[in-house]
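Data file: protein.txt. Format and content: compact mmCIF, C-alpha atoms and all ligand atoms.
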```
# COMPACT_ATOMS: atom_id res chain seq x y z
CA MET A 1 -13.28 -20.36 -14.54
CA SER A 2 -12.74 -17.56 -12.05
CA PHE A 3 -9.48 -15.61 -11.89
CA LYS A 4 -8.89 -17.06 -8.43
CA ASP A 5 -8.73 -20.58 -9.89
CA LYS A 6 -6.13 -19.45 -12.43
CA ILE A 7 -3.66 -18.28 -9.77
CA ASP A 8 -0.51 -20.34 -9.30
CA LEU A 9 -0.17 -20.31 -5.51
CA ASN A 10 3.51 -21.25 -5.80
CA LYS A 11 4.28 -18.02 -7.66
CA LEU A 12 2.43 -15.51 -5.53
CA PRO A 13 3.85 -12.05 -5.04
CA LYS A 14 4.90 -11.77 -1.37
CA HIS A 15 3.97 -8.11 -1.30
CA ILE A 16 1.29 -6.25 -3.25
CA ALA A 17 0.88 -2.47 -3.08
CA ILE A 18 -2.27 -0.64 -4.14
CA ILE A 19 -2.98 2.98 -5.07
CA MET A 20 -6.69 3.19 -4.29
CA ASP A 21 -7.84 5.82 -6.77
CA GLY A 22 -11.14 7.07 -8.15
CA ASN A 23 -13.31 7.53 -5.06
CA GLY A 24 -14.11 11.12 -6.01
CA ARG A 25 -15.03 10.27 -9.62
CA TRP A 26 -17.16 7.34 -8.45
CA ALA A 27 -19.14 9.69 -6.19
CA LYS A 28 -19.42 12.35 -8.91
CA GLN A 29 -20.84 9.79 -11.37
CA LYS A 30 -23.56 9.08 -8.82
CA GLY A 31 -24.20 12.77 -8.09
CA GLU A 32 -22.93 12.27 -4.55
CA HIS A 33 -20.43 14.14 -2.39
CA ARG A 34 -16.79 12.94 -2.65
CA ILE A 35 -16.85 11.55 0.88
CA ILE A 36 -19.53 9.04 -0.17
CA GLY A 37 -16.91 7.70 -2.58
CA HIS A 38 -14.41 7.30 0.26
CA GLN A 39 -17.04 5.62 2.45
CA ASN A 40 -17.80 3.12 -0.30
CA GLY A 41 -14.07 2.60 -0.78
CA VAL A 42 -13.92 0.98 2.67
CA GLN A 43 -15.78 -2.10 1.34
CA SER A 44 -13.15 -2.40 -1.40
CA VAL A 45 -10.45 -2.24 1.28
CA ARG A 46 -12.14 -5.19 3.02
CA GLU A 47 -12.35 -7.11 -0.26
CA ALA A 48 -8.68 -6.54 -1.07
CA VAL A 49 -7.56 -7.54 2.45
CA GLU A 50 -9.73 -10.67 2.45
CA ALA A 51 -8.63 -11.65 -1.04
CA ALA A 52 -4.94 -11.22 -0.19
CA ALA A 53 -5.27 -13.20 3.05
CA GLU A 54 -7.32 -15.95 1.40
CA ILE A 55 -4.59 -16.85 -1.08
CA GLY A 56 -1.59 -16.24 1.20
CA VAL A 57 -0.11 -12.88 0.20
CA GLN A 58 2.17 -11.87 3.09
CA TYR A 59 2.16 -8.08 2.77
CA LEU A 60 -0.54 -5.77 1.42
CA THR A 61 0.22 -2.04 1.37
CA LEU A 62 -2.60 0.44 0.76
CA TYR A 63 -2.00 4.08 -0.12
CA ALA A 64 -4.71 5.55 2.10
CA PHE A 65 -3.53 9.16 2.44
CA SER A 66 -0.67 10.91 0.70
CA THR A 67 1.33 13.91 1.88
CA GLU A 68 -0.26 15.79 -1.05
CA ASN A 69 -3.75 14.89 0.20
CA TRP A 70 -3.27 17.39 3.06
CA ASN A 71 -3.85 20.08 0.38
CA ARG A 72 -7.43 18.94 -0.27
CA PRO A 73 -10.31 21.05 1.10
CA LYS A 74 -10.25 20.96 4.91
CA GLU A 75 -13.72 19.42 5.00
CA GLU A 76 -12.59 16.43 2.90
CA VAL A 77 -9.37 15.95 4.91
CA MET A 78 -11.34 15.94 8.17
CA ALA A 79 -13.92 13.52 6.79
CA LEU A 80 -11.17 11.18 5.54
CA MET A 81 -9.40 11.24 8.91
CA GLN A 82 -12.70 10.52 10.67
CA LEU A 83 -13.33 7.64 8.27
CA LEU A 84 -9.86 6.25 8.96
CA VAL A 85 -10.33 6.45 12.74
CA SER A 86 -13.74 4.77 12.65
CA THR A 87 -12.69 2.11 10.13
CA ILE A 88 -9.51 1.19 12.01
CA HIS A 89 -11.48 1.08 15.28
CA SER A 90 -14.23 -1.14 13.92
CA GLU A 91 -11.94 -3.49 11.98
CA VAL A 92 -9.48 -4.40 14.77
CA LYS A 93 -11.65 -7.33 15.90
CA THR A 94 -11.82 -8.72 12.35
CA LEU A 95 -8.06 -8.25 11.90
CA ASN A 96 -7.42 -10.24 15.08
CA LYS A 97 -9.96 -12.92 14.16
CA ASN A 98 -8.14 -13.37 10.85
CA ASN A 99 -4.63 -13.19 12.36
CA ILE A 100 -3.70 -10.03 10.38
CA ARG A 101 -1.11 -7.58 11.69
CA LEU A 102 -1.59 -3.87 11.05
CA LEU A 103 1.40 -1.64 10.28
CA ALA A 104 1.66 1.95 9.11
CA ILE A 105 4.21 3.93 7.11
CA GLY A 106 4.40 7.69 6.61
CA ASP A 107 4.82 10.92 8.50
CA LEU A 108 2.48 9.64 11.20
CA LYS A 109 3.13 12.43 13.67
CA ASN A 110 1.30 14.75 11.26
CA LEU A 111 -1.95 12.83 11.75
CA PRO A 112 -4.59 14.32 14.07
CA SER A 113 -3.99 13.02 17.60
CA ASP A 114 -7.16 10.86 17.72
CA CYS A 115 -6.22 9.22 14.42
CA PHE A 116 -2.64 8.63 15.57
CA ALA A 117 -3.82 7.16 18.90
CA GLU A 118 -6.36 4.84 17.22
CA LEU A 119 -3.70 3.69 14.80
CA GLN A 120 -1.16 2.98 17.55
CA ASP A 121 -3.77 1.05 19.55
CA ALA A 122 -4.65 -1.09 16.52
CA ILE A 123 -0.97 -1.69 15.71
CA LYS A 124 -0.35 -2.82 19.30
CA ALA A 125 -3.51 -4.95 19.43
CA THR A 126 -2.56 -6.84 16.27
CA ALA A 127 1.22 -7.01 16.80
CA GLN A 128 1.28 -10.77 17.46
CA ASN A 129 -0.64 -11.73 14.30
CA THR A 130 1.26 -13.71 11.71
CA ARG A 131 -0.94 -14.62 8.73
CA MET A 132 -0.61 -11.36 6.80
CA ASN A 133 0.69 -7.82 7.25
CA LEU A 134 -1.63 -4.98 6.26
CA VAL A 135 0.45 -1.83 5.79
CA LEU A 136 -1.38 1.50 5.65
CA ALA A 137 0.51 4.33 3.96
CA LEU A 138 -0.73 7.41 5.78
CA SER A 139 0.55 10.95 5.33
CA TYR A 140 3.06 9.15 3.14
CA SER A 141 5.05 10.25 0.16
CA SER A 142 8.15 8.63 -1.23
CA ARG A 143 10.16 11.83 -1.59
CA TRP A 144 9.43 12.67 2.06
CA GLU A 145 10.53 9.15 3.05
CA ILE A 146 13.77 9.36 1.03
CA ILE A 147 14.67 12.83 2.34
CA ASN A 148 13.91 11.61 5.86
CA ALA A 149 16.25 8.65 5.37
CA VAL A 150 19.00 10.94 4.04
CA LYS A 151 18.63 13.22 7.09
CA GLN A 152 18.90 10.27 9.48
CA ILE A 153 21.94 8.92 7.69
CA GLY A 154 23.52 12.42 7.84
CA ALA A 155 22.78 12.60 11.57
CA ASP A 156 24.36 9.17 12.16
CA ILE A 157 27.46 10.27 10.20
CA GLU A 158 27.69 13.43 12.34
CA LYS A 159 27.46 11.33 15.50
CA GLY A 160 30.25 9.12 14.20
CA LYS A 161 27.97 6.04 14.07
CA LEU A 162 28.44 5.72 10.29
CA LYS A 163 31.04 6.48 7.64
CA ILE A 164 30.16 7.67 4.11
CA THR A 165 31.74 4.48 2.76
CA ASP A 166 29.21 2.44 4.81
CA ILE A 167 26.36 3.71 2.61
CA THR A 168 25.06 0.91 0.40
CA GLU A 169 21.63 0.14 -1.05
CA HIS A 170 21.10 -2.28 1.82
CA LEU A 171 22.02 0.30 4.48
CA PHE A 172 19.82 2.93 2.81
CA GLU A 173 16.84 0.55 2.85
CA ASN A 174 17.20 0.21 6.60
CA TYR A 175 16.51 3.94 6.96
CA LEU A 176 13.25 3.79 4.96
CA CYS A 177 9.83 3.32 6.62
CA THR A 178 9.69 -0.10 4.98
CA ALA A 179 12.93 -1.31 6.63
CA SER A 180 11.63 -4.75 7.62
CA ILE A 181 9.20 -5.16 4.71
CA PRO A 182 10.10 -6.95 1.45
CA GLU A 183 9.77 -4.96 -1.82
CA PRO A 184 6.40 -5.20 -3.57
CA GLU A 185 6.52 -7.36 -6.70
CA LEU A 186 3.19 -5.98 -7.90
CA MET A 187 1.64 -2.52 -7.73
CA ILE A 188 -2.02 -2.07 -8.64
CA ARG A 189 -3.58 1.31 -9.40
CA THR A 190 -7.29 1.75 -10.01
CA SER A 191 -9.24 4.40 -11.97
CA GLY A 192 -7.27 4.33 -15.21
CA GLU A 193 -4.47 6.64 -14.01
CA ARG A 194 -1.03 5.37 -15.02
CA ARG A 195 1.30 7.05 -12.59
CA ILE A 196 3.21 6.09 -9.45
CA SER A 197 2.38 9.44 -7.78
CA ASN A 198 5.17 9.56 -5.20
CA PHE A 199 4.38 6.07 -3.84
CA LEU A 200 7.20 3.68 -2.83
CA LEU A 201 9.55 5.02 -5.54
CA TRP A 202 12.58 3.15 -4.18
CA GLN A 203 10.68 -0.03 -3.32
CA LEU A 204 8.86 -0.32 -6.67
CA SER A 205 12.10 -0.36 -8.69
CA TYR A 206 11.48 -3.86 -10.05
CA ALA A 207 7.73 -4.19 -9.45
CA GLU A 208 5.24 -5.06 -12.16
CA LEU A 209 2.72 -2.24 -12.54
CA TYR A 210 -0.92 -3.11 -13.14
CA PHE A 211 -3.50 -0.50 -14.08
CA THR A 212 -7.23 -1.08 -14.16
CA GLU A 213 -10.04 1.22 -15.29
CA LYS A 214 -12.17 0.18 -12.31
CA LEU A 215 -12.78 2.98 -9.82
CA TRP A 216 -11.70 2.00 -6.28
CA PRO A 217 -15.24 1.69 -4.78
CA ASP A 218 -16.05 -0.83 -7.57
CA PHE A 219 -12.90 -2.92 -6.95
CA ARG A 220 -13.76 -6.47 -5.82
CA LYS A 221 -11.90 -9.69 -4.99
CA GLU A 222 -12.03 -10.94 -8.58
CA ASP A 223 -10.35 -7.70 -9.72
CA PHE A 224 -7.56 -8.35 -7.23
CA PHE A 225 -7.19 -11.93 -8.44
CA GLU A 226 -7.22 -10.75 -12.09
CA ALA A 227 -4.25 -8.47 -11.34
CA ILE A 228 -2.33 -11.43 -9.88
CA VAL A 229 -3.08 -13.61 -12.92
CA ASP A 230 -1.83 -10.79 -15.16
CA TYR A 231 1.31 -10.49 -13.01
CA GLN A 232 1.94 -14.24 -13.22
CA ASN A 233 1.71 -14.10 -17.00
CA ARG A 234 4.60 -11.64 -17.14
CA GLU A 235 8.27 -12.35 -16.83
CA SER A 236 10.55 -10.25 -14.69
CA ARG A 237 14.12 -10.12 -15.95
CA PHE A 238 15.86 -7.81 -13.42
CA GLY A 239 18.14 -6.78 -16.29
CA LYS A 240 18.94 -10.37 -17.32
CA ILE A 241 18.17 -12.12 -20.60
CA SER A 242 15.42 -14.79 -20.67
CA GLU A 243 17.88 -17.71 -20.68
CA GLN A 244 19.40 -16.53 -17.40
CA ILE A 245 16.09 -16.63 -15.57
CA GLU A 246 15.57 -19.80 -13.55
CA GLU A 247 12.18 -21.46 -13.83
C1 LIG B 1 -8.31 8.27 -3.76
O1 LIG B 1 -9.46 8.63 -4.48
C2 LIG B 1 -8.60 7.78 -2.42
C3 LIG B 1 -8.18 8.33 -1.24
C4 LIG B 1 -7.35 9.56 -1.21
C5 LIG B 1 -8.55 7.79 0.06
C6 LIG B 1 -8.67 6.31 0.18
C7 LIG B 1 -9.21 5.97 1.51
C8 LIG B 1 -10.18 5.05 1.74
C9 LIG B 1 -10.80 4.20 0.71
C10 LIG B 1 -10.57 4.79 3.16
C11 LIG B 1 -9.71 3.66 3.54
C12 LIG B 1 -9.74 3.24 4.90
C13 LIG B 1 -8.73 2.46 5.42
C14 LIG B 1 -8.81 2.01 6.82
C15 LIG B 1 -7.54 2.06 4.64
P1 LIG B 1 -9.60 10.16 -4.97
O2 LIG B 1 -10.29 10.93 -3.90
O3 LIG B 1 -8.26 10.68 -5.34
O4 LIG B 1 -10.51 9.99 -6.23
P2 LIG B 1 -10.53 10.92 -7.55
O5 LIG B 1 -9.17 10.81 -8.17
O6 LIG B 1 -11.60 10.29 -8.39
O7 LIG B 1 -10.86 12.30 -7.11
```
Output the file's structure as structure tokens, nothing else.
Amino acid sequence: MSFKDKIDLNKLPKHIAIIMDGNGRWAKQKGEHRIIGHQNGVQSVREAVEAAAEIGVQYLTLYAFSTENWNRPKEEVMALMQLLVSTIHSEVKTLNKNNIRLLAIGDLKNLPSDCFAELQDAIKATAQNTRMNLVLALSYSSRWEIINAVKQIGADIEKGKLKITDITEHLFENYLCTASIPEPELMIRTSGERRISNFLLWQLSYAELYFTEKLWPDFRKEDFFEAIVDYQNRESRFGKISEQIEE
């Protein structure tokens, strides 16, 4: 029996977030340059998107480039940006054919102009799609996002649009990049690392965390389905005791 057959479609997470990790190690194991790892990671992106859409996940967020990634060697940063531009460009048709909407979160104005333009075009071209939302986290880090939200709230207080007493969790969420996106119930990280690494710190408060040894370029649909089966075998209490949790 495949993992896909074991999934209870009535208990699917609405939103799954993935830290795609291990491209560099995958390439090193094969004696290849790191960028070959990233290039092979694109097929895993396709697999994850297809798998999520196939079963009816509504939001899939992929950590494609962190704020910290800007510190990598210039050559690798440029190659990654080029890969992002070309992948986004070539996948727009497939996204539209499959009714998938593309969104992006992060400090997008820091992206090279061609990357930013390609991204905006793809976001516009897929804006009417309704089957699934694919969210790319680009030049993203959670601490940046939280500080950015605090600055905007401060500015709105200065302008007299807000009072300090108006600040609630709900209001704060509206200032995050993920304002209209539900919280992920499941976060997957590949490559055996067991950290959140500055990814969706606020939004992952109650998420189940799933870690697999698989390196990202080896990640396939069945690995995605396995993570969902594992998630469905857990019980989330949100601070309650078992008896308080409705079936
Ligand atoms: C982490 O592996 C991976 C990245 C920083 C980049 C991921 C990007 C892609 C797979 C291209 C995706 C394209 C789209 C359109 C989403 P690492 O380099 O940190 O690996 P290591 O930890 O083994 O060095």
Write out as a ChimeraX atom specification the residues lying within 9 Å of range 218-232 of chain A, counting only C-alpha atoms and excluding same-chain residues fewer than 5 positions away. /A:2-8,11-13,26,40-41,43-45,47-52,185-186,188,190,208-212
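You can rank A:Tyr63, A:Ile123, A:Trp70, A:Tyr175 by their closest distance to Ile18 in chain A using all atoms listed in the file, and at the top of that list sits A:Tyr63.
If you count all atoms listed in the file and ignore residues fewer than 4 places along the chain from Asp121 in chain A, what sits within 12 Å of it is Val85, Ile88, His89, Val92, Arg101, Leu102, Leu103, Ala104, Asp114, Cys115, Phe116, Ala117, Ala125, Thr126 and Ala127 of chain A.
The residues sitting within 6 Å of ligand LIG 1 (chain B), with only C-alpha atoms and all ligand atoms considered, come out as Met20, Asp21, Gly22, Asn23, Gly24, Arg25, His38, Gly41, Val42, Ala64, Phe65, Leu84, Thr87 and Ile88 of chain A.
Rounded to one decimal, CA of Gln29 in chain A and CA of Glu193 in chain A lie 16.9 Å from each other.
Of the residues listed (A:Val150, A:Ile105, A:Ala53, A:Ile19), A:Ile19 shows the shortest atom-to-atom separation from Gly192 in chain A; distances use only C-alpha atoms.
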